[in-house]
file protein-v7.txt (compact mmCIF, C-alpha atoms and all ligand atoms)
# COMPACT_ATOMS: atom_id res chain seq x y z
CA MET A 740 0.00 0.00 0.00
CA LYS A 741 2.84 2.31 1.01
CA GLU A 742 4.64 1.53 -2.29
CA ILE A 743 1.53 2.27 -4.34
CA PHE A 744 1.14 5.59 -2.58
CA HIS A 745 4.75 6.47 -3.29
CA SER A 746 4.43 5.54 -6.98
CA TYR A 747 1.29 7.65 -7.14
CA LEU A 748 3.19 10.60 -5.71
CA TYR A 749 6.08 9.97 -8.11
CA VAL A 750 3.77 9.93 -11.15
CA ARG A 751 1.97 13.05 -9.94
CA GLU A 752 5.24 14.93 -9.45
CA ASN A 753 6.50 13.94 -12.86
CA LEU A 754 3.23 14.67 -14.60
CA HIS A 755 3.36 18.09 -13.05
CA GLU A 756 6.89 18.54 -14.40
CA LEU A 757 5.85 17.32 -17.84
CA GLU A 758 2.95 19.76 -17.95
CA GLU A 759 5.39 22.60 -17.46
CA ILE A 760 7.78 21.56 -20.21
CA MET A 761 6.95 23.31 -23.44
CA LYS A 762 8.99 22.83 -26.58
CA ILE A 763 7.61 24.98 -29.31
CA ILE A 764 8.56 25.59 -32.93
CA MET A 765 7.40 28.75 -34.71
CA LEU A 766 6.69 28.21 -38.40
CA GLY A 767 5.74 30.77 -41.02
CA ALA A 768 7.05 32.90 -43.83
CA PRO A 769 9.76 35.47 -43.17
CA GLY A 770 7.95 38.44 -41.66
CA ALA A 771 4.95 36.39 -40.46
CA GLY A 772 5.59 37.48 -36.87
CA LYS A 773 7.48 34.46 -35.53
CA GLY A 774 10.06 36.52 -33.64
CA THR A 775 7.44 38.91 -32.25
CA GLN A 776 5.35 36.04 -30.85
CA ALA A 777 8.36 33.96 -29.78
CA LYS A 778 9.54 36.86 -27.60
CA LEU A 779 6.08 37.14 -26.02
CA ILE A 780 5.90 33.39 -25.37
CA ALA A 781 9.43 33.30 -23.93
CA GLY A 782 8.74 36.29 -21.66
CA THR A 783 5.38 34.99 -20.47
CA TYR A 784 6.32 31.35 -19.86
CA LYS A 785 9.94 32.00 -18.82
CA ILE A 786 11.54 29.75 -21.42
CA PRO A 787 14.44 30.66 -23.73
CA HIS A 788 13.77 32.18 -27.15
CA ILE A 789 16.19 30.59 -29.62
CA SER A 790 16.36 32.44 -32.93
CA THR A 791 18.85 31.07 -35.45
CA GLY A 792 18.65 34.36 -37.38
CA ASP A 793 19.65 36.25 -34.20
CA ILE A 794 22.50 33.79 -33.57
CA PHE A 795 23.83 34.36 -37.11
CA ARG A 796 23.46 38.15 -36.83
CA ALA A 797 25.36 38.11 -33.52
CA ASN A 798 28.12 36.06 -35.18
CA ILE A 799 28.27 38.50 -38.10
CA LYS A 800 28.61 41.39 -35.66
CA GLU A 801 31.42 39.62 -33.79
CA GLY A 802 33.16 38.74 -37.08
CA THR A 803 33.35 34.99 -36.33
CA ASP A 804 34.02 32.38 -39.04
CA LEU A 805 30.44 31.18 -38.73
CA GLY A 806 29.22 34.78 -39.17
CA LYS A 807 31.39 35.28 -42.27
CA LYS A 808 30.10 32.07 -43.85
CA ALA A 809 26.43 32.73 -42.93
CA LYS A 810 26.53 36.31 -44.25
CA THR A 811 27.25 35.26 -47.84
CA TYR A 812 23.97 33.31 -47.88
CA MET A 813 21.87 35.71 -45.81
CA ASP A 814 22.75 38.69 -48.02
CA GLN A 815 21.36 36.83 -51.02
CA GLY A 816 18.16 35.80 -49.25
CA LEU A 817 19.29 32.15 -49.26
CA LEU A 818 19.28 29.66 -46.42
CA VAL A 819 22.52 28.96 -44.62
CA PRO A 820 23.50 25.30 -45.33
CA ASP A 821 21.98 22.74 -42.94
CA GLU A 822 25.39 21.60 -41.67
CA LEU A 823 26.10 25.09 -40.29
CA VAL A 824 22.77 25.23 -38.41
CA VAL A 825 21.85 21.80 -37.09
CA ASP A 826 24.67 21.16 -34.59
CA LEU A 827 24.39 24.68 -33.31
CA VAL A 828 20.71 24.20 -32.41
CA VAL A 829 21.11 20.65 -31.12
CA ASP A 830 23.85 21.87 -28.76
CA ARG A 831 21.80 24.88 -27.70
CA VAL A 832 18.66 22.92 -26.75
CA ALA A 833 20.75 20.53 -24.65
CA LYS A 834 21.78 23.42 -22.36
CA GLU A 835 20.55 23.58 -18.79
CA ASP A 836 18.26 26.58 -19.34
CA CYS A 837 16.25 24.55 -21.90
CA LYS A 838 15.23 21.84 -19.47
CA ASN A 839 11.74 23.33 -19.01
CA GLY A 840 11.32 23.96 -22.72
CA TYR A 841 12.10 26.60 -25.32
CA VAL A 842 10.69 28.37 -28.31
CA LEU A 843 12.54 27.85 -31.58
CA ASP A 844 12.20 30.73 -34.02
CA GLY A 845 13.51 30.26 -37.56
CA PHE A 846 14.52 26.63 -37.05
CA PRO A 847 13.90 24.16 -38.57
CA ARG A 848 13.66 25.66 -42.04
CA THR A 849 14.18 22.52 -44.13
CA ILE A 850 12.99 18.91 -43.89
CA PRO A 851 16.55 17.64 -43.18
CA GLN A 852 16.79 20.16 -40.29
CA ALA A 853 13.46 18.91 -38.86
CA GLU A 854 14.54 15.29 -39.18
CA ALA A 855 17.89 16.01 -37.51
CA LEU A 856 16.13 17.79 -34.64
CA ASP A 857 13.63 14.94 -34.16
CA LYS A 858 16.47 12.42 -34.18
CA ALA A 859 18.54 14.35 -31.64
CA LEU A 860 15.54 14.83 -29.34
CA ALA A 861 14.46 11.19 -29.66
CA ALA A 862 17.94 10.14 -28.52
CA LEU A 863 17.27 12.13 -25.33
CA GLY A 864 13.73 10.71 -24.98
CA GLU A 865 12.28 14.14 -25.82
CA ASN A 866 10.01 15.60 -28.48
CA ILE A 867 8.58 18.90 -29.72
CA ASP A 868 5.12 19.65 -28.27
CA TYR A 869 3.76 22.21 -30.72
CA ALA A 870 4.65 23.52 -34.17
CA VAL A 871 2.76 26.80 -34.43
CA ASP A 872 2.27 27.92 -38.02
CA MET A 873 1.63 31.64 -38.40
CA GLU A 874 -0.37 32.11 -41.56
CA VAL A 875 0.17 35.40 -43.38
CA PRO A 876 -0.41 35.75 -47.16
CA ASP A 877 2.55 36.79 -49.32
CA ALA A 878 0.74 40.01 -50.18
CA ASN A 879 1.16 41.23 -46.56
CA ILE A 880 4.76 40.10 -46.21
CA VAL A 881 6.55 42.79 -48.19
CA ASN A 882 4.77 45.46 -46.16
CA ARG A 883 5.62 43.68 -42.90
CA MET A 884 9.29 43.45 -43.81
CA SER A 885 9.83 46.85 -45.37
CA GLY A 886 8.29 48.37 -42.22
CA ARG A 887 10.28 46.18 -39.81
CA ARG A 888 12.81 48.02 -37.68
CA ALA A 889 15.20 46.14 -35.44
CA CYS A 890 17.32 47.20 -32.52
CA PRO A 891 20.93 46.19 -33.15
CA ALA A 892 21.65 46.32 -29.40
CA CYS A 893 18.82 44.44 -27.63
CA GLY A 894 17.14 42.63 -30.55
CA ALA A 895 13.67 44.17 -30.08
CA THR A 896 11.63 44.47 -33.29
CA TYR A 897 8.99 46.99 -34.27
CA HIS A 898 6.94 47.96 -37.30
CA ILE A 899 6.80 51.58 -38.40
CA VAL A 900 2.99 51.43 -38.77
CA HIS A 901 1.68 48.38 -36.88
CA ILE A 902 4.00 48.25 -33.85
CA PRO A 903 5.54 51.73 -33.66
CA THR A 904 8.06 52.97 -31.11
CA LYS A 905 7.21 55.88 -28.83
CA LYS A 906 9.97 57.97 -30.40
CA GLU A 907 10.49 57.45 -34.14
CA GLY A 908 13.53 55.34 -34.96
CA ILE A 909 14.55 54.80 -31.32
CA CYS A 910 14.25 51.54 -29.38
CA ASP A 911 11.67 51.80 -26.55
CA ARG A 912 13.58 49.26 -24.51
CA CYS A 913 17.19 50.44 -24.67
CA GLY A 914 17.20 53.81 -26.45
CA LYS A 915 19.45 52.76 -29.37
CA GLU A 916 18.85 53.81 -32.96
CA LEU A 917 16.84 51.22 -34.94
CA ILE A 918 17.97 49.75 -38.25
CA LEU A 919 16.36 48.27 -41.36
CA ARG A 920 17.81 44.78 -41.80
CA ASP A 921 19.83 44.39 -45.04
CA ASP A 922 17.80 41.33 -45.99
CA ASP A 923 14.49 43.21 -45.54
CA LYS A 924 15.04 45.22 -48.73
CA PRO A 925 12.22 44.39 -51.19
CA GLU A 926 14.49 42.68 -53.76
CA THR A 927 15.83 40.26 -51.09
CA VAL A 928 12.38 39.74 -49.56
CA LYS A 929 11.07 38.35 -52.87
CA LYS A 930 13.92 35.80 -52.94
CA ARG A 931 13.36 34.87 -49.28
CA LEU A 932 9.67 34.24 -49.96
CA ASP A 933 10.52 31.93 -52.90
CA VAL A 934 12.98 30.06 -50.68
CA TYR A 935 10.30 29.81 -47.96
CA HIS A 936 7.73 28.26 -50.31
CA ASP A 937 10.26 25.90 -51.80
CA GLN A 938 12.19 24.70 -48.73
CA THR A 939 10.33 25.62 -45.53
CA GLN A 940 6.61 25.34 -46.30
CA PRO A 941 6.85 21.52 -46.66
CA LEU A 942 7.41 21.48 -42.87
CA ILE A 943 3.70 22.23 -42.41
CA ALA A 944 2.80 18.80 -43.82
CA TYR A 945 5.71 17.24 -41.90
CA TYR A 946 4.39 18.45 -38.52
CA LYS A 947 0.77 17.75 -39.50
CA ARG A 948 1.82 14.13 -39.92
CA SER A 949 3.27 14.13 -36.39
CA ASN A 950 0.00 15.64 -35.08
CA ILE A 951 1.65 18.63 -33.46
CA LEU A 952 0.79 21.29 -36.05
CA LYS A 953 -1.30 24.23 -34.80
CA GLU A 954 -2.37 26.95 -37.21
CA VAL A 955 -2.96 30.57 -36.24
CA ASP A 956 -4.12 33.54 -38.28
CA GLY A 957 -1.03 35.75 -38.26
CA THR A 958 -2.79 38.68 -39.95
CA LYS A 959 -4.57 39.66 -36.71
CA ASP A 960 -2.98 42.25 -34.45
CA MET A 961 -0.08 41.21 -32.22
CA ASP A 962 -2.13 40.76 -29.01
CA GLU A 963 -4.86 38.76 -30.71
CA VAL A 964 -2.31 36.43 -32.29
CA PHE A 965 -0.71 35.93 -28.88
CA LYS A 966 -4.10 35.10 -27.32
CA SER A 967 -4.68 32.39 -29.96
CA ILE A 968 -1.25 30.92 -29.27
CA ALA A 969 -1.73 30.99 -25.49
CA ALA A 970 -5.06 29.19 -25.96
CA ILE A 971 -3.35 26.49 -28.02
CA ILE A 972 -0.44 25.85 -25.71
CA GLY A 973 -2.92 25.90 -22.86
CA ALA A 974 -0.68 27.60 -20.36
P1 LIG B 1 9.53 36.96 -38.42
O1 LIG B 1 10.27 36.68 -37.15
O2 LIG B 1 8.50 35.91 -38.74
O3 LIG B 1 10.43 37.22 -39.58
P2 LIG B 1 8.76 39.46 -37.10
O4 LIG B 1 8.23 38.98 -35.80
O5 LIG B 1 10.08 40.12 -37.09
O6 LIG B 1 8.70 38.28 -38.21
O7 LIG B 1 7.66 40.44 -37.73
C1 LIG B 1 7.87 41.05 -38.99
C2 LIG B 1 7.39 42.49 -38.95
O8 LIG B 1 5.98 42.51 -38.76
C3 LIG B 1 7.98 43.30 -37.80
O9 LIG B 1 8.13 44.63 -38.21
C4 LIG B 1 6.91 43.20 -36.70
O10 LIG B 1 6.96 44.33 -35.83
C5 LIG B 1 5.63 43.19 -37.53
N1 LIG B 1 4.57 42.39 -36.92
C6 LIG B 1 4.68 41.28 -36.17
N2 LIG B 1 3.46 40.81 -35.79
C7 LIG B 1 2.56 41.64 -36.36
C8 LIG B 1 1.12 41.69 -36.36
N3 LIG B 1 0.41 40.76 -35.73
N4 LIG B 1 0.53 42.69 -37.07
C9 LIG B 1 1.27 43.60 -37.73
N5 LIG B 1 2.61 43.63 -37.75
C10 LIG B 1 3.26 42.65 -37.08
P1 LIG B 2 15.48 35.20 -39.70
O1 LIG B 2 16.02 36.19 -38.74
O2 LIG B 2 14.87 33.99 -39.04
O3 LIG B 2 14.56 35.82 -40.73
O4 LIG B 2 16.74 34.61 -40.50
C1 LIG B 2 17.55 35.46 -41.29
C2 LIG B 2 18.40 34.62 -42.25
O5 LIG B 2 19.27 33.75 -41.51
C3 LIG B 2 17.62 33.67 -43.17
O6 LIG B 2 17.14 34.33 -44.34
C4 LIG B 2 18.69 32.63 -43.49
O7 LIG B 2 19.63 33.10 -44.44
C5 LIG B 2 19.42 32.51 -42.17
N1 LIG B 2 18.81 31.45 -41.33
C6 LIG B 2 18.19 31.61 -40.12
N2 LIG B 2 17.78 30.45 -39.64
C7 LIG B 2 18.13 29.51 -40.56
C8 LIG B 2 17.95 28.10 -40.65
N3 LIG B 2 17.31 27.40 -39.70
N4 LIG B 2 18.45 27.46 -41.74
C9 LIG B 2 19.10 28.13 -42.71
N5 LIG B 2 19.28 29.46 -42.69
C10 LIG B 2 18.80 30.15 -41.63

call {"tool": "encode", "arguments": {"input": "protein-v7.txt", "output": "structure tokens"}}
result
Amino acid sequence: MKEIFHSYLYVRENLHELEEIMKIIMLGAPGAGKGTQAKLIAGTYKIPHISTGDIFRANIKEGTDLGKKAKTYMDQGLLVPDELVVDLVVDRVAKEDCKNGYVLDGFPRTIPQAEALDKALAALGENIDYAVDMEVPDANIVNRMSGRRACPACGATYHIVHIPTKKEGICDRCGKELILRDDDKPETVKKRLDVYHDQTQPLIAYYKRSNILKEVDGTKDMDEVFKSIAAIIGA
């Protein structure tokens, strides 16, 4: 009887832990709002926000070898080769701060990346809980990206019309001057959208097959989109 009670307590404790672990992937076209929502999720549920784009931009800024290699692809609106991305993410999600979950933003972006992630997680007895696809038609994307302004210091992102700063061109959070990302210029955006449809969109069917795909209307305003996501992840 005593043993049964202890097993019951053990299961309860571990179920409780499992309920708190949230491993989330943000899917969607460039400019769909993945980073904006990932930051809200990470802040609300106290889990790390892992953006491969941010990791590459930080490497470019620091002038590392990885940054130099990644830049040649990013400037052309192309994806960085899988072999430069996969190990980096697999190592990152194995870190201590990811033990209660994380939100992946911009990874995976190809089927081989998704397969490599699944394989690495399976080896640890883990899995992704939700792949949230933010649906925004191409027609809205160019506007989203040409209006995007990013803070080179703290990484905050705004939109000149939809999510404006209090003082034009200045980051609300840290006071630095905002920039237009090089790859947000309309000629690069068109290429990035083609690459998205060709290489990343197939992930929607991939995660549908694993029964973890959740679709949200990304055209709604930022708070409404966040409410839909919070309802899905049930936290
Ligand atoms: P992604 O990470 O998918 O590339 P971002 O989160 O950086 O996209 O969003 C792209 C641009 O659209 C940014 O300027 C952001 O401020 C703006 N944005 C994000 N969510 C919304 C929204 N729901 N409505 C309008 N603009 C948005
Ligand atoms: P993002 O900030 O997510 O829009 O990413 C900016 C750029 O970084 C992309 O256009 C790619 O060139 C590169 N990049 C980011 N994440 C990945 C990834 N998972 N695989 C390949 N390239 C990536």

call {"tool": "residues_near_ligand", "arguments": {"input": "protein-v7.txt", "ligand": "ligand LIG 1 (chain B)", "cutoff": "6 Å", "atoms": "all atoms listed in the file", "output": "mmCIF file with C-alpha atoms, in the coordinates of the input"}}
result
data_model
loop_
_atom_site.group_PDB
_atom_site.id
_atom_site.type_symbol
_atom_site.label_atom_id
_atom_site.label_comp_id
_atom_site.auth_asym_id
_atom_site.auth_seq_id
_atom_site.Cartn_x
_atom_site.Cartn_y
_atom_site.Cartn_z
ATOM 1 C CA PRO A 769 9.760 35.470 -43.170
ATOM 2 C CA GLY A 770 7.950 38.440 -41.660
ATOM 3 C CA ALA A 771 4.950 36.390 -40.460
ATOM 4 C CA GLY A 772 5.590 37.480 -36.870
ATOM 5 C CA LYS A 773 7.480 34.460 -35.530
ATOM 6 C CA GLY A 774 10.060 36.520 -33.640
ATOM 7 C CA THR A 775 7.440 38.910 -32.250
ATOM 8 C CA ARG A 883 5.620 43.680 -42.900
ATOM 9 C CA MET A 884 9.290 43.450 -43.810
ATOM 10 C CA GLY A 886 8.290 48.370 -42.220
ATOM 11 C CA ARG A 887 10.280 46.180 -39.810
ATOM 12 C CA ARG A 888 12.810 48.020 -37.680
ATOM 13 C CA THR A 896 11.630 44.470 -33.290
ATOM 14 C CA TYR A 897 8.990 46.990 -34.270
ATOM 15 C CA HIS A 898 6.940 47.960 -37.300
ATOM 16 C CA HIS A 901 1.680 48.380 -36.880
ATOM 17 C CA ILE A 902 4.000 48.250 -33.850
ATOM 18 C CA GLY A 957 -1.030 35.750 -38.260
ATOM 19 C CA THR A 958 -2.790 38.680 -39.950
ATOM 20 C CA LYS A 959 -4.570 39.660 -36.710
ATOM 21 C CA ASP A 960 -2.980 42.250 -34.450
ATOM 22 C CA MET A 961 -0.080 41.210 -32.220
#

call {"tool": "residues_near_ligand", "arguments": {"input": "protein-v7.txt", "ligand": "ligand LIG 2 (chain B)", "cutoff": "9 Å", "atoms": "all atoms listed in the file", "output": "MDAnalysis selection string"}}
result
chainID A and resid 768:770 773:774 790:796 809:821 823:825 828 844:849 852 922:923 928 931 934:935

call {"tool": "write_last_selection", "arguments": {"input": "protein-v7.txt", "atoms": "C-alpha atoms", "output": "mmCIF file, keeping the file's coordinate frame"}}
result
data_model
loop_
_atom_site.group_PDB
_atom_site.id
_atom_site.type_symbol
_atom_site.label_atom_id
_atom_site.label_comp_id
_atom_site.auth_asym_id
_atom_site.auth_seq_id
_atom_site.Cartn_x
_atom_site.Cartn_y
_atom_site.Cartn_z
ATOM 1 C CA ALA A 768 7.050 32.900 -43.830
ATOM 2 C CA PRO A 769 9.760 35.470 -43.170
ATOM 3 C CA GLY A 770 7.950 38.440 -41.660
ATOM 4 C CA LYS A 773 7.480 34.460 -35.530
ATOM 5 C CA GLY A 774 10.060 36.520 -33.640
ATOM 6 C CA SER A 790 16.360 32.440 -32.930
ATOM 7 C CA THR A 791 18.850 31.070 -35.450
ATOM 8 C CA GLY A 792 18.650 34.360 -37.380
ATOM 9 C CA ASP A 793 19.650 36.250 -34.200
ATOM 10 C CA ILE A 794 22.500 33.790 -33.570
ATOM 11 C CA PHE A 795 23.830 34.360 -37.110
ATOM 12 C CA ARG A 796 23.460 38.150 -36.830
ATOM 13 C CA ALA A 809 26.430 32.730 -42.930
ATOM 14 C CA LYS A 810 26.530 36.310 -44.250
ATOM 15 C CA THR A 811 27.250 35.260 -47.840
ATOM 16 C CA TYR A 812 23.970 33.310 -47.880
ATOM 17 C CA MET A 813 21.870 35.710 -45.810
ATOM 18 C CA ASP A 814 22.750 38.690 -48.020
ATOM 19 C CA GLN A 815 21.360 36.830 -51.020
ATOM 20 C CA GLY A 816 18.160 35.800 -49.250
ATOM 21 C CA LEU A 817 19.290 32.150 -49.260
ATOM 22 C CA LEU A 818 19.280 29.660 -46.420
ATOM 23 C CA VAL A 819 22.520 28.960 -44.620
ATOM 24 C CA PRO A 820 23.500 25.300 -45.330
ATOM 25 C CA ASP A 821 21.980 22.740 -42.940
ATOM 26 C CA LEU A 823 26.100 25.090 -40.290
ATOM 27 C CA VAL A 824 22.770 25.230 -38.410
ATOM 28 C CA VAL A 825 21.850 21.800 -37.090
ATOM 29 C CA VAL A 828 20.710 24.200 -32.410
ATOM 30 C CA ASP A 844 12.200 30.730 -34.020
ATOM 31 C CA GLY A 845 13.510 30.260 -37.560
ATOM 32 C CA PHE A 846 14.520 26.630 -37.050
ATOM 33 C CA PRO A 847 13.900 24.160 -38.570
ATOM 34 C CA ARG A 848 13.660 25.660 -42.040
ATOM 35 C CA THR A 849 14.180 22.520 -44.130
ATOM 36 C CA GLN A 852 16.790 20.160 -40.290
ATOM 37 C CA ASP A 922 17.800 41.330 -45.990
ATOM 38 C CA ASP A 923 14.490 43.210 -45.540
ATOM 39 C CA VAL A 928 12.380 39.740 -49.560
ATOM 40 C CA ARG A 931 13.360 34.870 -49.280
ATOM 41 C CA VAL A 934 12.980 30.060 -50.680
ATOM 42 C CA TYR A 935 10.300 29.810 -47.960
#

call {"tool": "closest_residue", "arguments": {"input": "protein-v7.txt", "among": "A:Pro876, A:Pro925, A:Gly908, A:Gly840", "to": "Ala889 in chain A", "atoms": "all atoms listed in the file"}}
result
A:Gly908

call {"tool": "atom_distance", "arguments": {"input": "protein-v7.txt", "atom1": "CA of Met761 in chain A", "atom2": "CA of Ile951 in chain A"}}
result
12.3 Å

call {"tool": "closest_residue", "arguments": {"input": "protein-v7.txt", "among": "A:Ile943, A:Val881, A:Ile971, A:Leu919", "to": "Val955 in chain A", "atoms": "only C-alpha atoms"}}
result
A:Ile971
